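Here the structure is laid out as structure tokens; the discussion comes afterwards.
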Number of protein chains: 2
Amino acid sequence: MKKLNNDLILRVLAGEKVQRTPVWIMRQAGRYLPEYMAVRAHHDFLTMCKTPELASEVTIQPVDIVGVDAAIIFSDILVLPEAMGMNLVVEEGKGGPRFTNPIKDKAAVSVLHDADPASDLRYVTDAIRLTVERLKGRVPLIGFCGSPWTMLAYMVEGKGGEFVHARAMLYEEPSLAHQLLDMLARNAASYLRAQHEAGADLVQVFDTWAGVLSPALYEEFSLRYIRQIADALRTDVPVIVFSKGANHSLEKIASTGASAVGVDWTVGIKEAAARVGAVVQGNLDPAVLFARPEVIEAEAKKVLGAAPEGRHIFNLGHGIMPGTPVSNVRKLVETVQNWKAR
Amino acid sequence: MKKLNNDLILRVLAGEKVQRTPVWIMRQAGRYLPEYMAVRAHHDFLTMCKTPELASEVTIQPVDIVGVDAAIIFSDILVLPEAMGMNLVVEEGKGGPRFTNPIKDKAAVSVLHDADPASDLRYVTDAIRLTVERLKGRVPLIGFCGSPWTMLAYMVEGKGGEFVHARAMLYEEPSLAHQLLDMLARNAASYLRAQHEAGADLVQVFDTWAGVLSPALYEEFSLRYIRQIADALRTDVPVIVFSKGANHSLEKIASTGASAVGVDWTVGIKEAAARVGAVVQGNLDPAVLFARPEVIEAEAKKVLGAAPEGRHIFNLGHGIMPGTPVSNVRKLVETVQNWKAR
């Protein structure tokens, strides 16, 4: 096993005592960073994902530039469905990623195939290996994938939005949805395991579109398959589960045995922590980073003061927004890293 | 007072006994209807809003075509900010409405003026008068406006989305936000009163973007001003409050004294009703209307069976989506209108 100089996040996830709250930021390798945009100016988004040298470079940027306590591999949740047979197009800033062959029926599901991470997603594991080598143990590296529901939502709808056709499939053809979700859960588990074996110290499941489901549909079509992934992995690798907009089900998310539960900013972190029991991750409103430094410090301290000491990984409640001033991100990271509960 | 042949909704709102659950559908005068599209083909969206003859025509279409138990005046929540000095552009289907002069500072707020409904929004009250005349008491007519927060969100951001700059204003310049929200609440109350005086039997406050706020911000910057509107009106006209995505605060919404609380589909209607106490409106997932008729019937009956008898106005949990088959909407309305609890 590699030796980490900063293993705060892993120790929080293991329930060990830590000196301070660790912090990382969803989409920290992203468009708010001029250094990211400089790379992006010469390569399209998917080329960056699929070129380990480039993915590794932008993965490490926020560690160098804003000083976060973890790196997260630069990639996209939709590369797994792509590896299973979907045609992915990503035009960043132009309405987001989309599939040119959205799933309309059983036949479209039956032509999908299991992805072999060692070949179909080799560019991800290579990027992880290269990043681990370059990080030299400075901070842990996070691997990730989309939740089965969130991947299905894009695969059926073709693109982002309110996912009305994907939701309609759950009502209209629940057995087809279950068949696809089970396949996605198996593939996600195997993909996350491959990321861990390549050097990712922990993994996060991004259930970005949990919030468009009713609590009943969420439990049947999203949580069930997140549980399947967590069951397959959690004895070997810490798993953080983030179902955005599913505050109605925090207790149930915790019951998957996830090492930590991510929470968005639409629930108080104190209430969320009480309901989760385990470690919570979050939950500053990303909009705070557009305010003055004093406001950022005050709002960050509200979260820190309300979160359970030693059971908290600081993060935003959703991805950092393009246009966020980098100096504000540094201010946030410093505030968290200098904070003492008492 | 005019005599209504179908006053089911008003009787539910007044706590009187009714024979069956009434139903209307948010955005029922909209793009799913070929008859609406036929009018829209010759007129842009704002022209339709501002021409009483056209607004009245499309307002009545769903009463004739799908048989709903109420009409809602065809308009947009952003015509009030426009009447206060904002420059509104609506390109329906092209990213939605936007303001070309988003508010960036105190100076931009100070040039706004109170709207005089009798002149600045005369086209709305004229459309209401004409619609009441044409409806001949068949069903009640609903007036509406946006909540102060939802209007501010568009006014500051300029367009729809996650409203990160609007949220940032709440953190960065809370006193400026309060100044603008108070002005919006006063104008909304006066606008709704004018709609009532022109013939709207009840009104709804659409707080479409409540869900992007934390519970604390929601209470301080949205609910407070909805309460201001409800306080100004509720002794004279029934007020339905719909804060989409604010299920964390259902009890507080009920405490405004609203005649009914609208609920989206991300909370069970039974739980929502228990928490609200008063009348609830909602909450079928609009995506259900893309499924087969048998599925629509079954899902509608689940809502009907879980909702409190006599304290429920059936509706979707959000606006009906473009592309929804009209026959499915008819099936839904029939299911609700033929349903007997026992």
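By convention in this document, the chains of the structure tokens carry letters A, B, ... by their order, each chain's residues are numbered from 1, and ligands are numbered from 1 in the order they are shown.
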Mind dumping a table of every chain B residue within 8 Å of chain A, with the nearest atom pair and its distance in Å to one decimal, using only C-alpha atoms, sorted by chain and rising number, as a Markdown table?
| residue | atom | partner | partner_atom | distance |
| --- | --- | --- | --- | --- |
| B:Val164 | CA | A:Ala287 | CA | 5.0 |
| B:His165 | CA | A:Ala287 | CA | 6.8 |
| B:Arg167 | CA | A:Ala287 | CA | 5.9 |
| B:Ala168 | CA | A:Ala287 | CA | 5.0 |
| B:Met169 | CA | A:Ala291 | CA | 7.6 |
| B:Tyr171 | CA | A:Val288 | CA | 6.5 |
| B:Glu172 | CA | A:Ala291 | CA | 5.1 |
| B:Gly211 | CA | A:Thr266 | CA | 7.5 |
| B:Val212 | CA | A:Thr266 | CA | 7.2 |
| B:Leu213 | CA | A:Thr266 | CA | 6.2 |
| B:Ser214 | CA | A:Thr266 | CA | 4.1 |
| B:Pro215 | CA | A:Thr266 | CA | 6.0 |
| B:His248 | CA | A:Val267 | CA | 7.8 |
| B:Trp265 | CA | A:Ser214 | CA | 5.7 |
| B:Thr266 | CA | A:Ser214 | CA | 4.1 |
| B:Val267 | CA | A:Ser214 | CA | 6.2 |
| B:Gly268 | CA | A:Pro215 | CA | 7.3 |
| B:Asp285 | CA | A:Ser214 | CA | 7.9 |
| B:Pro286 | CA | A:Val164 | CA | 7.6 |
| B:Ala287 | CA | A:Val164 | CA | 5.0 |
| B:Val288 | CA | A:Ala168 | CA | 5.7 |
| B:Leu289 | CA | A:Ala168 | CA | 7.8 |
| B:Phe290 | CA | A:Ala168 | CA | 5.8 |
| B:Ala291 | CA | A:Glu172 | CA | 5.2 |
| B:Arg292 | CA | A:Glu172 | CA | 6.6 |
| B:Val295 | CA | A:Glu172 | CA | 6.7 |
Problem - For atom CA of Ala29 of chain A and atom CA of Thr59 of chain A, the interatomic separation in Å (one decimal) - result: 5.6 Å
Practice task
Considering only C-alpha atoms, return as a list of chain:residue names whatever protein or nucleic-acid residues lie within 12 Å of Asn101 of chain A, sequence-local ones (same chain, fewer than 6 positions apart) excluded.
Solution key: A:Pro81, A:Glu82, A:Gly85, A:Met86, A:Asn87, A:Leu88, A:Val89, A:Ala108, A:Val109, A:Val111, A:Leu112, A:Tyr154, A:Met155, A:Val156, A:Glu157, A:Gly158, A:Lys159
Exercise for the section: Do a neighbour search on Gln337 of chain A at 9 Å with only C-alpha atoms, toss out local chain neighbours closer than 3 positions, and write the hits as number ranges by chain. Expected result: A: 20-23, 332-334, 340
Exercise for the section: Enumerate the residues of segment 37-257 of chain B with a DSSP assignment of strand (DSSP E), computed from the backbone, and present them as a PyMOL selection string. Expected result: chain B and resi 71-72+88-91+96-99+141-146+202-207+239-243
Problem - Selected residue, from A:Leu121, A:Ile313, A:Val90, A:Leu13, that lies nearest to Cys145 of chain A when counting only C-alpha atoms - result: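 Among the listed residues, A:Leu121 lies closest to Cys145 of chain A.
We find atom CA of Gly323 of chain A and atom CA of Tyr32 of chain A to be spaced 5.2 Å apart.
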Would you list the contacts of Leu4 of chain A as a PDB file with N, CA and C atoms, in the first residue's frame, taking every protein, DNA or RNA residue within 10 Å and counting only C-alpha atoms, but skipping same-chain residues closer than 4 positions in sequence?
ATOM      1  N   LEU A   8      -6.361  12.493   5.840  1.00  0.00           N
ATOM      2  CA  LEU A   8      -7.470  12.955   6.686  1.00  0.00           C
ATOM      3  C   LEU A   8      -8.819  12.362   6.256  1.00  0.00           C
ATOM      4  N   LEU A  10      -9.494   9.679   4.538  1.00  0.00           N
ATOM      5  CA  LEU A  10      -9.584   8.230   4.783  1.00  0.00           C
ATOM      6  C   LEU A  10      -9.781   7.940   6.259  1.00  0.00           C
ATOM      7  N   LEU A 135       1.097  12.294  -7.796  1.00  0.00           N
ATOM      8  CA  LEU A 135       0.696  12.894  -6.519  1.00  0.00           C
ATOM      9  C   LEU A 135       1.717  12.598  -5.419  1.00  0.00           C
ATOM     10  N   LYS A 136       2.460  11.505  -5.578  1.00  0.00           N
ATOM     11  CA  LYS A 136       3.488  11.124  -4.590  1.00  0.00           C
ATOM     12  C   LYS A 136       2.951  11.128  -3.162  1.00  0.00           C
ATOM     13  N   GLY A 137       1.723  10.673  -3.008  1.00  0.00           N
ATOM     14  CA  GLY A 137       1.176  10.534  -1.657  1.00  0.00           C
ATOM     15  C   GLY A 137       0.736  11.826  -1.003  1.00  0.00           C
ATOM     16  N   ARG A 138       0.680  12.920  -1.763  1.00  0.00           N
ATOM     17  CA  ARG A 138       0.292  14.200  -1.133  1.00  0.00           C
ATOM     18  C   ARG A 138      -1.116  14.141  -0.551  1.00  0.00           C
ATOM     19  N   VAL A 139      -2.037  13.625  -1.338  1.00  0.00           N
ATOM     20  CA  VAL A 139      -3.441  13.502  -0.888  1.00  0.00           C
ATOM     21  C   VAL A 139      -4.030  12.221  -1.487  1.00  0.00           C
ATOM     22  N   PRO A 140      -5.134  11.753  -0.934  1.00  0.00           N
ATOM     23  CA  PRO A 140      -5.801  10.580  -1.526  1.00  0.00           C
ATOM     24  C   PRO A 140      -6.410  10.938  -2.884  1.00  0.00           C
ATOM     25  N   ASP A 201      -8.169   5.685  -3.793  1.00  0.00           N
ATOM     26  CA  ASP A 201      -8.228   5.316  -2.372  1.00  0.00           C
ATOM     27  C   ASP A 201      -9.647   5.176  -1.863  1.00  0.00           C
TER      28      ASP A 201
END
When you look at segment 308-312 of chain A with a cut-off of 6 Å (counting only C-alpha atoms), what residues show up, excluding the ones that are within fewer than 2 positions of it in the same chain? I need them as a PDB file with C-alpha atoms, in the first residue's frame.
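Saved to out.pdb:
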ATOM      1  CA  VAL A 279     -20.051  10.464   8.193  1.00  0.00           C
ATOM      2  CA  VAL A 280     -21.630  13.310   6.202  1.00  0.00           C
ATOM      3  CA  GLN A 281     -20.091  15.194   3.314  1.00  0.00           C
TER       4      GLN A 281
END
